[in-house]
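Student: Please read through the structure below; I'll follow up with questions.
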Amino acid sequence: MQEKICDIRSDATGFNALAALSEKAKALLFEKVDLDFQDCTFFEANMAAPFYAVLTKYYEGMNVVTPTNIRSDIRTILQKNRFLCELGFCELHDSNQTTLPFKRFKLTSGEQFSDYLDQYMHDRGIPKMSDGLAKKFRQSLFEIFQNATQHSQSEQGIFVCGQFFPKQHRLDFTIADAGIGIRENVRRFWKNEKINSCQAITWALQGANTTRQNQPGGLGLKLIKDFLRLNRGKLLIVSRYGFYEFSASGESCRKLKHDFPGTCVNIELNTNDMNRYTLKSELTSSDIF
Amino acid sequence: MREKVIIRVIDTIGSNLCIASEDGQKVFDKTVPLLQTGKHVVISFDGVSMLISLFLNAAIGQLYGQFSEEEIREHLEVTGLAGDDMEILQRVVENAKRYYTNPEKYDKVWATLEGEDEE
């Protein structure tokens, strides 16, 4: 059988397409599936992470997935970022060094994720950022990665991928999982099956809300929003039917037509940011406690 | 002057990455009995290369569930954090104080909320 792949961008249309593709995997068992890229003229490299979350749904049914008819420019970028290596293609050298390659991590791989960032955030085409900006960015990525390890229950792990767009002064980093989604966690916490995806995302983003029992938490996403507001970057959270966007100009959540199989968070960093983040704070323990 | 007991975070968790809740729990578990016996505890973050709120919630935020603000202010100290990390700690502490002031799940409207149908 054959499934057509259209343009995949980090927007609602792109995620809807991926979610629709995922839904088609539900009834499939032991099939050979050709993913036909003939109509795909643009594939944002960082979207490899949520794309892999979708592929795991095909793999669950022991289906064999083969990409076909990929335009050479798209194939090149997806070989450079190693996504297509997961599907049998060879790796191509990333001479511009603008990719943070696709990688799968187990839920217990916080330290390996740190090694990954050490390896790919330094001395490559990734822009020279101030120490403060680079630290805030890394902290944000760890908050998201660790949230996924704690809450996703993604048996297939966590998938990450990044891409630097030099002309736009933009660095997109995407962390996806194929887990239960924010909605399921919030529904269990409140013992309410009627909470929908956007309501769940909204709750998770409010103040100190967390689904952890008997422990304060829930600050991570709030800190990221505060940082991105200053940076004039963007935050995207897609979880099941919910599509949430945040930028300095506002925030919104809308319902997707299809069910994305897990959660995906994309941070879009404005690399042209001249703000200073290394504050010489005067705070002492007694000021804080 | 009371003796200070120093808890070196990197020795306690065996890493210079303060990113996991489980590691924060190790620091918490080490701190609680010392505070219970009235010791002055210094949590040293010297040598830490990465710190996030998830870790601090477990390591320090949780203390507000066991001790009063006065006890913590009097007996606990942190060292070795950069200014911007101290600001994260401040947010974590404010958050924890709010949480333990009202440990009941506030905003109970969520228990009965009905959203648009999804599968």
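By convention here, the chains of the structure tokens are called A, B, ... in the order presented, each chain's residues are numbered starting at 1, and ligands are numbered starting at 1 in the order presented.
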Write out, as CSV, each residue of chain B that has an atom at most 9 Å from chain A, together with the closest pair of atoms and their distance in Å to one decimal, counting only C-alpha atoms, rows going by chain and rising number.

Tutor:
```
residue,atom,partner,partner_atom,distance
B:Ser15,CA,A:Glu111,CA,8.8
B:Leu17,CA,A:Glu111,CA,7.6
B:Ile19,CA,A:Phe142,CA,6.9
B:Ala20,CA,A:Gln146,CA,6.9
B:Ser21,CA,A:Gln146,CA,8.5
B:Met50,CA,A:Gln139,CA,7.2
B:Leu51,CA,A:Gln139,CA,7.1
B:Ile52,CA,A:Gln139,CA,6.1
B:Ser53,CA,A:Gly220,CA,6.1
B:Leu54,CA,A:Gly217,CA,6.8
B:Asn57,CA,A:Gly217,CA,5.9
B:Ala58,CA,A:Gln215,CA,7.2
B:Gly61,CA,A:Pro216,CA,6.5
B:Gln62,CA,A:Gln215,CA,6.1
B:Gly65,CA,A:Gln215,CA,8.3
B:Glu69,CA,A:Phe289,CA,6.8
B:Glu70,CA,A:Phe289,CA,8.3
B:Ile72,CA,A:Phe289,CA,6.5
B:Arg73,CA,A:Phe289,CA,5.0
B:Glu74,CA,A:Ser286,CA,8.3
B:Leu76,CA,A:Ser285,CA,7.8
B:Glu77,CA,A:Ser285,CA,5.4
B:Val78,CA,A:Ser285,CA,5.9
B:Thr79,CA,A:Ser285,CA,8.0
B:Ala82,CA,A:Lys280,CA,7.8
B:Gly83,CA,A:Ser281,CA,4.3
B:Asp84,CA,A:Leu279,CA,5.5
B:Met86,CA,A:Leu283,CA,6.6
B:Glu87,CA,A:Leu283,CA,7.5
B:Ile88,CA,A:Leu223,CA,8.3
B:Leu89,CA,A:Ile288,CA,7.6
B:Gln90,CA,A:Ile288,CA,5.3
B:Arg91,CA,A:Leu219,CA,8.0
B:Val92,CA,A:Leu219,CA,7.3
B:Val93,CA,A:Phe289,CA,7.0
B:Glu94,CA,A:Ile288,CA,8.2
B:Asn95,CA,A:Ala208,CA,6.3
B:Ala96,CA,A:Pro216,CA,5.5
B:Lys97,CA,A:Pro216,CA,8.8
B:Arg98,CA,A:Ala208,CA,8.4
B:Tyr99,CA,A:Pro216,CA,6.0
B:Tyr100,CA,A:Pro216,CA,7.9
B:Pro103,CA,A:Asn214,CA,8.1
B:Lys108,CA,A:Trp190,CA,8.5
B:Trp110,CA,A:Trp190,CA,6.6
B:Ala111,CA,A:Trp190,CA,5.1
B:Thr112,CA,A:Asn192,CA,6.6
B:Leu113,CA,A:Ile195,CA,6.3
B:Glu114,CA,A:Lys194,CA,4.9
B:Gly115,CA,A:Ile195,CA,5.1
B:Glu116,CA,A:Asn196,CA,6.4
B:Asp117,CA,A:Asn196,CA,7.1
B:Glu118,CA,A:Asn196,CA,6.6
B:Glu119,CA,A:Asp259,CA,8.4
```

Student: Any chance you can output those residues with N, CA and C atoms as a short mmCIF file (atom, residue, chain, number, x, y, z; two decimals), in the first residue's frame?

Tutor:
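Output file result-v8.cif follows:
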```cif
data_model
loop_
_atom_site.label_atom_id
_atom_site.label_comp_id
_atom_site.auth_asym_id
_atom_site.auth_seq_id
_atom_site.Cartn_x
_atom_site.Cartn_y
_atom_site.Cartn_z
N SER B 15 27.22 13.27 39.46
CA SER B 15 27.17 13.90 38.13
C SER B 15 27.24 15.42 38.31
N LEU B 17 25.45 17.23 36.28
CA LEU B 17 24.20 17.64 35.64
C LEU B 17 23.04 17.52 36.63
N ILE B 19 19.70 17.64 36.46
CA ILE B 19 18.57 17.67 35.52
C ILE B 19 17.47 16.67 35.86
N ALA B 20 17.78 15.69 36.70
CA ALA B 20 16.78 14.64 36.94
C ALA B 20 16.12 14.80 38.31
N SER B 21 14.83 14.56 38.32
CA SER B 21 14.08 14.64 39.56
C SER B 21 14.61 13.62 40.59
N MET B 50 25.00 22.14 34.74
CA MET B 50 23.64 22.39 34.24
C MET B 50 22.64 22.16 35.37
N LEU B 51 21.69 23.07 35.46
CA LEU B 51 20.71 23.01 36.54
C LEU B 51 19.35 23.39 35.98
N ILE B 52 18.32 22.61 36.29
CA ILE B 52 16.98 23.00 35.83
C ILE B 52 15.98 22.91 36.99
N SER B 53 14.82 23.50 36.76
CA SER B 53 13.83 23.62 37.84
C SER B 53 13.33 22.26 38.32
N LEU B 54 13.27 21.30 37.40
CA LEU B 54 12.79 19.96 37.76
C LEU B 54 13.62 19.38 38.90
N ASN B 57 12.98 21.48 42.20
CA ASN B 57 11.69 21.18 42.83
C ASN B 57 11.82 20.02 43.82
N ALA B 58 12.54 18.99 43.38
CA ALA B 58 12.70 17.80 44.22
C ALA B 58 13.71 18.05 45.33
N GLY B 61 12.53 22.46 46.69
CA GLY B 61 11.11 22.82 46.77
C GLY B 61 10.36 21.95 47.77
N GLN B 62 10.66 20.67 47.75
CA GLN B 62 9.97 19.73 48.63
C GLN B 62 10.18 19.99 50.12
N GLY B 65 7.47 21.27 52.32
CA GLY B 65 6.42 20.36 52.78
C GLY B 65 6.76 19.75 54.13
N GLU B 69 8.93 27.90 56.79
CA GLU B 69 9.79 28.88 56.11
C GLU B 69 10.88 29.39 57.05
N GLU B 70 10.50 29.58 58.33
CA GLU B 70 11.47 30.10 59.30
C GLU B 70 12.61 29.10 59.51
N ILE B 72 13.69 26.81 57.47
CA ILE B 72 14.55 26.73 56.28
C ILE B 72 15.43 27.97 56.18
N ARG B 73 14.84 29.12 56.43
CA ARG B 73 15.61 30.35 56.34
C ARG B 73 16.78 30.35 57.33
N GLU B 74 16.51 29.77 58.51
CA GLU B 74 17.52 29.78 59.57
C GLU B 74 18.60 28.72 59.36
N LEU B 76 19.19 26.67 56.36
CA LEU B 76 19.63 26.21 55.03
C LEU B 76 20.31 27.33 54.25
N GLU B 77 21.31 26.94 53.51
CA GLU B 77 22.07 27.90 52.70
C GLU B 77 22.46 27.19 51.40
N VAL B 78 22.52 27.90 50.31
CA VAL B 78 23.05 27.30 49.08
C VAL B 78 24.25 28.12 48.63
N THR B 79 25.21 27.43 48.03
CA THR B 79 26.39 28.13 47.49
C THR B 79 26.70 27.58 46.11
N ALA B 82 25.30 30.37 40.00
CA ALA B 82 25.41 31.64 39.28
C ALA B 82 24.16 32.47 39.51
N GLY B 83 24.26 33.75 39.23
CA GLY B 83 23.15 34.65 39.48
C GLY B 83 21.85 34.23 38.80
N ASP B 84 21.95 33.81 37.54
CA ASP B 84 20.73 33.43 36.83
C ASP B 84 20.15 32.13 37.39
N MET B 86 20.39 31.34 40.58
CA MET B 86 19.75 31.76 41.84
C MET B 86 18.34 32.26 41.56
N GLU B 87 18.16 32.89 40.41
CA GLU B 87 16.81 33.36 40.06
C GLU B 87 15.86 32.20 39.80
N ILE B 88 16.39 31.11 39.21
CA ILE B 88 15.54 29.93 39.02
C ILE B 88 15.18 29.35 40.40
N LEU B 89 16.17 29.30 41.27
CA LEU B 89 15.90 28.79 42.63
C LEU B 89 14.83 29.64 43.31
N GLN B 90 14.92 30.95 43.11
CA GLN B 90 13.93 31.83 43.72
C GLN B 90 12.52 31.49 43.21
N ARG B 91 12.40 31.25 41.91
CA ARG B 91 11.09 30.89 41.34
C ARG B 91 10.60 29.56 41.92
N VAL B 92 11.53 28.62 42.05
CA VAL B 92 11.18 27.29 42.59
C VAL B 92 10.67 27.43 44.03
N VAL B 93 11.35 28.26 44.81
CA VAL B 93 10.97 28.43 46.21
C VAL B 93 9.61 29.13 46.32
N GLU B 94 9.42 30.17 45.53
CA GLU B 94 8.11 30.86 45.55
C GLU B 94 6.99 29.89 45.18
N ASN B 95 7.27 29.07 44.18
CA ASN B 95 6.32 28.08 43.70
C ASN B 95 5.99 27.07 44.80
N ALA B 96 7.04 26.61 45.49
CA ALA B 96 6.85 25.61 46.54
C ALA B 96 6.06 26.18 47.70
N LYS B 97 6.36 27.42 48.05
CA LYS B 97 5.62 28.05 49.16
C LYS B 97 4.13 28.12 48.82
N ARG B 98 3.84 28.51 47.58
CA ARG B 98 2.43 28.57 47.14
C ARG B 98 1.80 27.19 47.19
N TYR B 99 2.53 26.21 46.71
CA TYR B 99 2.01 24.84 46.61
C TYR B 99 1.66 24.30 48.01
N TYR B 100 2.57 24.50 48.97
CA TYR B 100 2.33 23.91 50.29
C TYR B 100 1.41 24.77 51.16
N PRO B 103 -2.10 22.88 49.61
CA PRO B 103 -1.78 21.59 48.98
C PRO B 103 -2.97 20.91 48.32
N LYS B 108 -10.75 23.44 41.47
CA LYS B 108 -11.33 22.12 41.29
C LYS B 108 -12.31 22.03 40.13
N TRP B 110 -11.58 21.83 37.31
CA TRP B 110 -11.01 20.89 36.34
C TRP B 110 -11.54 19.47 36.53
N ALA B 111 -11.99 19.16 37.73
CA ALA B 111 -12.47 17.81 37.98
C ALA B 111 -13.80 17.56 37.27
N THR B 112 -14.51 18.64 36.96
CA THR B 112 -15.82 18.47 36.35
C THR B 112 -15.92 19.11 34.97
N LEU B 113 -14.82 19.65 34.52
CA LEU B 113 -14.82 20.34 33.22
C LEU B 113 -15.19 19.38 32.09
N GLU B 114 -15.97 19.87 31.14
CA GLU B 114 -16.31 19.04 29.99
C GLU B 114 -15.83 19.74 28.73
N GLY B 115 -14.89 19.13 28.04
CA GLY B 115 -14.36 19.72 26.81
C GLY B 115 -15.05 19.16 25.59
N GLU B 116 -14.70 19.76 24.47
CA GLU B 116 -15.22 19.27 23.20
C GLU B 116 -14.78 17.82 23.00
N ASP B 117 -15.65 17.01 22.45
CA ASP B 117 -15.36 15.57 22.31
C ASP B 117 -14.09 15.30 21.52
N GLU B 118 -13.30 14.40 22.04
CA GLU B 118 -12.16 13.85 21.30
C GLU B 118 -12.23 12.35 21.50
N GLU B 119 -11.64 11.62 20.59
CA GLU B 119 -11.66 10.16 20.75
C GLU B 119 -10.84 9.74 21.96
#
```

Student: Quick check for you: according to DSSP on this backbone, which residues of range 29-73 of chain B are classed as alpha helix (DSSP H)? Reply as a ChimeraX atom specification.

Tutor: /B:29-36,53-59,69-73

Student: Could you tell me, as a PyMOL selection string, which residues of chain B DSSP assigns to strand (DSSP E or B) when given the backbone?

Tutor: chain B and resi 4-8+17-18+40-44+50-51+76-79

Student: By how many Å are CA of Gln79 in chain A and CA of His93 in chain A apart?

Tutor: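 We find that CA of Gln79 in chain A and CA of His93 in chain A lie 8.3 Å from each other.
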
Student: For a test of reading the model, state the distance in Å between CA of Gly179 in chain A and CA of Ser152 in chain A, rounded to one decimal.

Tutor: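 Taking CA of Gly179 in chain A as the start and CA of Ser152 in chain A as the end point, the length is 4.6 Å.
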
Student: Between CA of Ala134 in chain A and CA of Ile175 in chain A, what distance in Å does the model show, to one decimal?

Tutor: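 It comes out at 17.4 Å.
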
Student: Need to verify the contact set: range 34-42 of chain A, 6 Å, only C-alpha atoms, exclusion of same-chain residues closer than 4 positions in sequence. Can you return it as a ChimeraX atom specification?

Tutor: /A:2-7,65-70
